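Chemist: Just one file: model.cif, with mmCIF, C-alpha atoms.
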```
data_data
#
loop_
_atom_site.label_atom_id
_atom_site.label_comp_id
_atom_site.auth_asym_id
_atom_site.auth_seq_id
_atom_site.Cartn_x
_atom_site.Cartn_y
_atom_site.Cartn_z
CA MET A 1 72.57 34.30 97.78
CA SER A 2 72.49 35.39 94.19
CA LEU A 3 74.55 38.25 92.81
CA ALA A 4 71.38 40.19 91.97
CA VAL A 5 70.62 40.57 95.68
CA LEU A 6 74.13 41.90 96.25
CA ALA A 7 73.83 44.29 93.29
CA GLY A 8 70.47 45.60 94.48
CA GLY A 9 71.82 46.05 97.99
CA ILE A 10 74.82 48.01 96.74
CA MET A 11 72.59 50.25 94.58
CA ILE A 12 70.31 51.03 97.52
CA ALA A 13 73.25 51.58 99.89
CA PHE A 14 75.02 54.07 97.61
CA GLY A 15 71.73 55.81 96.92
CA ALA A 16 71.23 56.30 100.64
CA LEU A 17 74.85 57.45 101.07
CA ALA A 18 74.53 60.04 98.30
CA ALA A 19 71.18 61.25 99.62
CA GLY A 20 72.72 61.68 103.07
CA ILE A 21 75.60 63.80 101.74
CA GLY A 22 73.34 65.86 99.47
CA ASN A 23 70.74 66.55 102.15
CA GLY A 24 73.47 67.33 104.67
CA VAL A 25 74.98 69.99 102.42
CA LEU A 26 71.54 71.38 101.61
CA PHE A 27 70.28 71.67 105.18
CA SER A 28 73.59 72.95 106.59
CA SER A 29 73.36 75.82 104.09
CA TYR A 30 69.72 76.34 105.04
CA LEU A 31 70.54 76.46 108.76
CA SER A 32 73.48 78.85 108.30
CA GLY A 33 71.21 80.97 106.10
CA ILE A 34 68.54 81.35 108.79
CA ALA A 35 71.22 81.83 111.47
CA ARG A 36 72.50 84.88 109.61
CA GLN A 37 69.08 86.18 108.66
CA PRO A 38 66.32 84.73 110.86
CA GLU A 39 63.56 86.77 109.16
CA ALA A 40 64.24 85.00 105.84
CA GLN A 41 63.21 81.64 107.27
CA GLY A 42 59.85 81.49 105.49
CA THR A 43 61.26 82.03 102.02
CA LEU A 44 64.30 79.85 102.61
CA PHE A 45 62.16 76.97 103.88
CA GLY A 46 60.12 76.84 100.68
CA GLN A 47 63.21 77.13 98.50
CA SER A 48 65.08 74.43 100.43
CA MET A 49 62.09 72.07 100.15
CA ILE A 50 62.14 72.48 96.35
CA ALA A 51 65.90 71.85 96.38
CA LEU A 52 65.26 68.82 98.60
CA GLY A 53 62.91 67.40 95.98
CA LEU A 54 65.48 67.97 93.24
CA VAL A 55 68.35 66.51 95.29
CA GLU A 56 66.38 63.48 96.49
CA ALA A 57 65.38 62.48 92.97
CA LEU A 58 68.71 61.01 91.82
CA PRO A 59 69.32 58.72 94.84
CA VAL A 60 65.67 57.66 94.74
CA ILE A 61 66.03 56.73 91.05
CA SER A 62 69.00 54.57 92.08
CA ILE A 63 66.96 53.03 94.90
CA ALA A 64 64.01 52.30 92.59
CA PHE A 65 66.26 50.51 90.10
CA GLY A 66 67.93 48.76 93.05
CA ILE A 67 64.53 47.45 94.18
CA LEU A 68 63.79 46.23 90.65
CA VAL A 69 67.13 44.36 90.56
CA LEU A 70 66.65 43.04 94.09
CA PHE A 71 63.28 41.49 93.26
CA GLY A 72 64.64 40.10 90.00
CA ILE A 73 62.38 42.11 87.68
CA ILE A 74 65.23 43.48 85.54
CA GLY A 75 68.85 42.50 85.08
CA MET B 1 56.17 42.88 93.56
CA GLU B 2 52.56 42.47 92.45
CA LEU B 3 51.44 41.56 88.98
CA THR B 4 49.05 43.82 87.13
CA PRO B 5 46.24 42.56 84.87
CA LYS B 6 46.92 43.42 81.25
CA VAL B 7 44.62 43.40 78.21
CA LYS B 8 45.80 43.05 74.62
CA PHE B 9 43.91 45.23 72.13
CA LEU B 10 44.92 46.07 68.54
CA GLY B 11 48.37 44.64 69.13
CA MET B 12 49.03 46.94 72.11
CA THR B 13 49.13 45.95 75.77
CA PHE B 14 46.95 47.94 78.15
CA ASP B 15 47.45 47.81 81.90
CA VAL B 16 44.03 47.60 83.55
CA THR B 17 45.32 48.74 86.96
CA LEU B 18 46.81 51.89 85.50
CA MET B 19 43.65 52.67 83.54
CA ILE B 20 41.49 52.29 86.67
CA GLY B 21 43.92 54.44 88.67
CA SER B 22 44.15 57.17 86.01
CA VAL B 23 40.38 57.36 85.49
CA VAL B 24 39.69 57.48 89.23
CA SER B 25 42.29 60.24 89.75
CA ALA B 26 40.91 62.24 86.84
CA LEU B 27 37.36 61.86 88.17
CA ILE B 28 38.44 62.96 91.66
CA VAL B 29 40.17 66.05 90.22
CA MET B 30 37.05 66.84 88.20
CA LEU B 31 34.83 66.38 91.25
CA ILE B 32 37.05 68.59 93.45
CA VAL B 33 37.20 71.40 90.91
CA PHE B 34 33.47 71.06 90.11
CA LEU B 35 32.46 71.28 93.77
CA LEU B 36 34.81 74.15 94.53
CA THR B 37 33.56 76.32 91.67
CA ARG B 38 29.81 76.16 92.38
CA ARG B 39 28.00 79.42 93.22
CA LEU B 40 30.83 81.80 92.38
CA SER B 41 30.60 85.32 93.73
CA VAL B 42 32.62 88.51 93.38
CA ARG B 43 33.43 88.47 97.05
CA PRO B 44 34.90 84.95 97.50
CA GLU B 45 33.96 82.93 100.54
CA GLY B 46 34.22 79.35 101.71
CA ARG B 47 34.93 76.87 98.96
CA GLN B 48 35.71 79.52 96.38
CA ASN B 49 38.59 80.71 98.58
CA VAL B 50 40.19 77.25 98.44
CA MET B 51 40.03 77.16 94.64
CA GLU B 52 41.37 80.71 94.38
CA TYR B 53 44.24 79.77 96.68
CA ILE B 54 45.13 76.78 94.46
CA ILE B 55 44.96 78.88 91.29
CA ASP B 56 47.03 81.61 92.94
CA PHE B 57 49.63 79.02 93.90
CA VAL B 58 49.84 77.60 90.35
CA SER B 59 49.88 81.02 88.73
CA GLY B 60 52.83 81.77 91.01
CA ILE B 61 54.66 78.86 89.31
CA THR B 62 53.83 79.96 85.77
CA GLY B 63 54.32 83.64 86.57
CA THR B 64 57.92 83.25 87.69
CA MET B 65 58.86 81.13 84.67
CA LEU B 66 57.10 82.91 81.82
CA GLU B 67 56.19 86.46 80.85
CA LYS B 68 52.85 87.73 82.07
CA LYS B 69 51.14 87.42 78.67
CA GLU B 70 52.38 83.89 78.09
CA SER B 71 51.81 82.66 81.64
CA ALA B 72 48.02 83.12 81.46
CA LYS B 73 47.99 80.81 78.44
CA TYR B 74 49.68 77.98 80.37
CA LEU B 75 47.83 78.42 83.67
CA SER B 76 45.10 75.85 82.98
CA PHE B 77 47.63 73.32 81.70
CA ALA B 78 49.81 73.73 84.78
CA LEU B 79 46.76 73.52 87.07
CA THR B 80 45.58 70.27 85.44
CA THR B 81 49.06 68.72 85.60
CA PHE B 82 49.54 69.71 89.22
CA LEU B 83 46.15 68.52 90.47
CA PHE B 84 46.22 65.24 88.54
CA ILE B 85 49.70 64.26 89.74
CA LEU B 86 48.93 65.39 93.29
CA VAL B 87 45.75 63.30 93.49
CA ALA B 88 47.41 60.34 91.76
CA ASN B 89 50.37 60.40 94.18
CA LEU B 90 48.20 60.69 97.28
CA LEU B 91 45.78 57.95 96.16
CA GLY B 92 48.58 55.38 96.17
CA VAL B 93 49.46 56.21 99.78
CA ILE B 94 45.89 55.89 101.05
CA VAL B 95 44.35 53.14 98.88
CA MET B 96 46.10 50.07 97.52
CA VAL B 97 43.94 47.10 96.48
CA THR B 98 45.71 43.77 96.09
CA SER B 99 44.08 40.37 95.73
CA THR B 100 45.39 36.82 95.86
CA VAL B 101 44.99 34.89 92.62
CA ASN B 102 45.76 31.17 92.67
CA GLY B 103 45.25 30.13 89.05
CA PRO B 104 46.41 31.74 85.81
CA ILE B 105 43.91 33.99 83.95
CA PRO B 106 45.01 34.06 80.28
CA SER B 107 42.53 36.79 79.19
CA LEU B 108 44.07 39.26 81.68
CA GLY B 109 47.65 38.27 80.90
CA ILE B 110 48.23 36.62 84.28
CA THR B 111 50.49 33.61 83.72
CA THR B 112 51.66 30.86 86.04
CA ALA B 113 55.30 31.98 85.80
CA GLY B 114 54.37 35.56 86.65
CA LEU B 115 52.24 34.45 89.61
CA LYS B 116 55.07 32.35 90.97
CA MET B 117 57.41 35.36 90.89
CA ALA B 118 54.84 37.68 92.50
CA ASP B 119 53.71 35.28 95.28
CA ASN B 120 50.16 35.06 93.82
CA SER B 121 49.41 38.71 94.53
CA VAL B 122 47.73 40.77 91.82
CA SER B 123 47.34 44.53 92.17
CA TRP B 124 44.01 46.10 91.16
CA PHE B 125 44.41 49.65 92.34
CA LYS B 126 47.58 51.62 92.91
CA SER B 127 48.98 55.03 92.16
CA PRO B 128 49.17 55.43 88.36
CA THR B 129 52.36 57.51 88.71
CA SER B 130 54.16 54.55 90.29
CA ASP B 131 54.40 52.96 86.82
CA ILE B 132 57.14 54.19 84.53
CA ASN B 133 54.93 54.08 81.40
CA VAL B 134 52.61 56.78 82.76
CA THR B 135 55.38 59.20 83.74
CA VAL B 136 57.29 58.66 80.49
CA ALA B 137 54.08 59.40 78.59
CA MET B 138 53.51 62.62 80.54
CA ALA B 139 57.12 63.80 80.29
CA GLY B 140 57.23 62.84 76.60
CA ALA B 141 54.08 64.83 75.88
CA ILE B 142 55.57 67.89 77.58
CA PHE B 143 58.85 67.36 75.69
CA LEU B 144 57.04 67.22 72.32
CA TYR B 145 54.85 70.18 73.20
CA SER B 146 57.79 72.36 74.29
CA HIS B 147 59.58 71.77 70.98
CA PHE B 148 56.37 72.32 69.03
CA ALA B 149 55.70 75.60 70.85
CA GLY B 150 59.29 76.72 70.28
CA ILE B 151 59.13 76.05 66.53
CA ALA B 152 55.68 77.63 66.26
CA LYS B 153 56.89 80.82 67.92
CA SER B 154 59.96 81.40 65.74
CA PRO B 155 61.59 78.62 63.68
CA ARG B 156 64.80 80.61 63.27
CA GLY B 157 65.15 81.30 66.97
CA TYR B 158 64.46 77.65 67.75
CA LEU B 159 67.35 76.50 65.53
CA GLN B 160 69.61 79.28 66.74
CA HIS B 161 69.29 78.46 70.43
CA TYR B 162 71.11 75.17 69.84
CA VAL B 163 74.32 77.00 68.92
CA LYS B 164 74.15 79.65 71.62
CA PRO B 165 76.37 81.07 73.02
CA PHE B 166 79.04 79.21 70.99
CA TRP B 167 78.73 76.80 68.07
CA TRP B 168 80.74 74.07 69.79
CA MET B 169 78.09 73.84 72.50
CA LEU B 170 75.78 71.96 70.11
CA PRO B 171 76.59 68.48 71.54
CA ILE B 172 75.95 69.73 75.07
CA HIS B 173 72.58 71.11 73.98
CA LEU B 174 71.68 67.81 72.32
CA ILE B 175 72.58 65.77 75.42
CA ASP B 176 70.56 68.25 77.46
CA GLU B 177 67.52 67.75 75.24
CA VAL B 178 67.66 63.96 75.71
CA SER B 179 68.33 64.00 79.45
CA LYS B 180 65.58 66.50 80.27
CA PRO B 181 62.56 64.27 79.53
CA ALA B 182 64.39 61.19 80.88
CA THR B 183 65.07 62.72 84.32
CA HIS B 184 61.68 64.43 84.27
CA ALA B 185 59.93 61.06 84.00
CA LEU B 186 62.30 59.06 86.22
CA ARG B 187 62.17 61.60 89.06
CA LEU B 188 58.41 61.28 89.54
CA TRP B 189 58.26 57.52 88.93
CA ALA B 190 61.16 56.58 91.22
CA ASN B 191 59.89 58.60 94.17
CA ILE B 192 56.36 57.20 94.07
CA PHE B 193 57.47 53.66 93.18
CA ALA B 194 60.03 53.43 95.99
CA GLY B 195 57.45 54.82 98.42
CA GLU B 196 54.82 52.25 97.44
CA VAL B 197 57.26 49.34 97.58
CA LEU B 198 58.34 50.30 101.08
CA ILE B 199 54.71 50.64 102.20
CA THR B 200 53.97 47.17 100.79
CA ILE B 201 57.01 45.68 102.55
CA LEU B 202 56.16 47.33 105.86
CA ARG B 203 52.53 46.16 105.69
CA GLU B 204 53.65 42.55 105.44
CA GLY B 205 55.51 42.66 108.75
CA ALA B 206 53.98 42.20 112.21
CA PHE B 207 52.04 45.33 113.15
CA TYR B 208 53.62 45.86 116.60
CA PHE B 209 57.03 45.78 114.93
CA THR B 210 56.47 47.77 111.72
CA GLY B 211 53.48 49.88 112.76
CA VAL B 212 55.40 53.01 113.77
CA PRO B 213 57.77 53.00 110.75
CA LEU B 214 54.75 52.39 108.49
CA PHE B 215 52.90 55.47 109.72
CA ALA B 216 56.10 57.56 109.67
CA TRP B 217 56.77 56.48 106.10
CA MET B 218 53.16 57.11 105.03
CA GLY B 219 53.42 60.65 106.38
CA PHE B 220 56.67 61.13 104.49
CA SER B 221 55.05 59.69 101.35
CA VAL B 222 52.29 62.30 101.51
CA PHE B 223 54.98 65.00 101.77
CA VAL B 224 57.00 63.49 98.90
CA GLY B 225 53.86 63.21 96.76
CA CYS B 226 53.07 66.91 97.20
CA ILE B 227 56.68 67.99 96.58
CA GLN B 228 57.03 65.82 93.47
CA ALA B 229 53.74 67.09 92.00
CA TYR B 230 55.00 70.64 92.53
CA ILE B 231 58.43 69.89 91.04
CA PHE B 232 56.95 68.11 88.01
CA THR B 233 54.81 71.17 87.27
CA VAL B 234 57.72 73.59 87.83
CA LEU B 235 60.02 71.61 85.54
CA ALA B 236 57.34 71.33 82.84
CA MET B 237 56.99 75.11 82.92
CA VAL B 238 60.79 75.57 82.89
CA TYR B 239 61.15 73.34 79.84
CA ILE B 240 58.36 75.14 77.99
CA ALA B 241 59.74 78.54 79.01
CA GLN B 242 63.21 77.63 77.73
CA LYS B 243 61.74 77.10 74.27
CA VAL B 244 59.11 79.82 74.25
CA GLY B 245 60.75 82.54 76.30
CA GLU B 246 63.85 83.08 74.21
CA GLU B 247 64.13 85.21 71.12
#
```
Rewrite the structure from the file as structure tokens, please.

Modeler:
Amino acid sequence: MSLAVLAGGIMIAFGALAAGIGNGVLFSSYLSGIARQPEAQGTLFGQSMIALGLVEALPVISIAFGILVLFGIIG
Amino acid sequence: MELTPKVKFLGMTFDVTLMIGSVVSALIVMLIVFLLTRRLSVRPEGRQNVMEYIIDFVSGITGTMLEKKESAKYLSFALTTFLFILVANLLGVIVMVTSTVNGPIPSLGITTAGLKMADNSVSWFKSPTSDINVTVAMAGAIFLYSHFAGIAKSPRGYLQHYVKPFWWMLPIHLIDEVSKPATHALRLWANIFAGEVLITILREGAFYFTGVPLFAWMGFSVFVGCIQAYIFTVLAMVYIAQKVGEE
């Protein structure tokens, strides 16, 4: 097993870990928001989906570079 | 990872797959908009309603970022960006054409070493936004345009906003200016690229084993494609508004 496989695996793993934490924080705030004010669900859903896209981007960048390292295209 | 056929012209390398993908997406956008805007009437019905809904949605993006007078100017730009990226993202989920090539083709830049690394598979059609060159070009164009628009509006204000609110914030502003187009491009590319790679990997497995994850991931890819098209448009408008909106 080459070190590149290990490096790619670590990049993907930490990307997934960070995405899990970020999405957990985001959706716990969303759920407590609609628990306090159920009528705001429509607006909050749209806003949280935009935030989801922004939060997901950084781990996905890490995962994309991890895939490139894993397949030996860069590095 | 598939190879892509490349053509050398005037000392530059052109990726044939990306050109096919971009032209097809642009044609589909043109066809959609053309068909939806036939037989316009004052009281909208049918297809016209769909187009008005899309324009309303995009003018909501520009309206919240810019002043009313300015936002009308950028509406068509935002609409084109949004529709092109949306169609390009969704095309890659639905259609991916890959062929097996056994021998090297020098005129298309397919070499033996490259084929060995890519297991003889050559991609002919995929989402153009899953290549970093396309997204960097789009984000770079928006970056250049936002600075150009800022200088054209008021050169003094453009220079002044680098030292606001304090002069020692200049380095932070400069780092910000570099990181904005970089993350803008990487965000779109990474999402679509990772999605396509996972679809390719899942398709290679036995269907009874990877069938359910494949369809789940394809559904998620459609969702991600829509969200990323929306976010790319929103961020483009934010970056332009930061330069144009201030004094």

Chemist: Could you tell me, as a PyMOL selection string, exactly which residues end up selected when the PyMOL selection byres ((chain B) within 7 of (chain A)) is applied to this structure?

Modeler: chain B and resi 186-187+190-191+193-194+227-228+231

Chemist: Can you work out the spacing between CA of Gly42 in chain A and CA of Ala241 in chain B in Å, to one decimal?

Modeler: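 Value for the CA of Gly42 in chain A-CA of Ala241 in chain B distance: 26.6 Å.
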
Chemist: Mind pulling up the distance from CA of Met30 in chain B to CA of Arg47 in chain B?

Modeler: 14.9 Å

Chemist: Give me the result of the PyMOL selection byres ((chain B and resi 138) around 12) on this file, residue by residue, as an NGL selection string.

Modeler: :B and (81-82 or 84-85 or 128-129 or 131-137 or 139-145 or 181-182 or 184-186 or 188-189 or 232-233 or 236)

Chemist: Compile the contact shell of Ser99 in chain B as an mmCIF file with C-alpha atoms, keeping the file's coordinate frame: residues with an atom at most 10 Å away, counting all atoms listed in the file, same-chain residues fewer than 5 positions apart removed.

Modeler:
```cif
data_model
loop_
_atom_site.group_PDB
_atom_site.id
_atom_site.type_symbol
_atom_site.label_atom_id
_atom_site.label_comp_id
_atom_site.auth_asym_id
_atom_site.auth_seq_id
_atom_site.Cartn_x
_atom_site.Cartn_y
_atom_site.Cartn_z
ATOM 1 C CA GLU B 2 52.560 42.470 92.450
ATOM 2 C CA ASN B 120 50.160 35.060 93.820
ATOM 3 C CA SER B 121 49.410 38.710 94.530
ATOM 4 C CA VAL B 122 47.730 40.770 91.820
ATOM 5 C CA SER B 123 47.340 44.530 92.170
ATOM 6 C CA TRP B 124 44.010 46.100 91.160
ATOM 7 C CA PHE B 125 44.410 49.650 92.340
#
```

Chemist: Quick one, how far is CA of Gly92 in chain B from CA of Gly21 in chain B?

Modeler: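 One can read the CA of Gly92 in chain B to CA of Gly21 in chain B distance as 8.9 Å.
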
Chemist: Of the candidates A:Ala4, A:Val55, A:Ala40, A:Ala35, which one gets nearest to Ala19 in chain A if we count only C-alpha atoms?

Modeler: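 Checking each candidate against Ala19 in chain A, we get A:Val55 as the closest.
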
Chemist: Padding 5 Å on every side, please: axis-aligned box over the listed atoms of range 5-21 of chain B, centre and edge lengths to one decimal in Å, as AutoDock Vina command-line options.

Modeler:
```
--center_x 45.3 --center_y 48.5 --center_z 78.6 --size_x 17.6 --size_y 21.9 --size_z 30.1
```
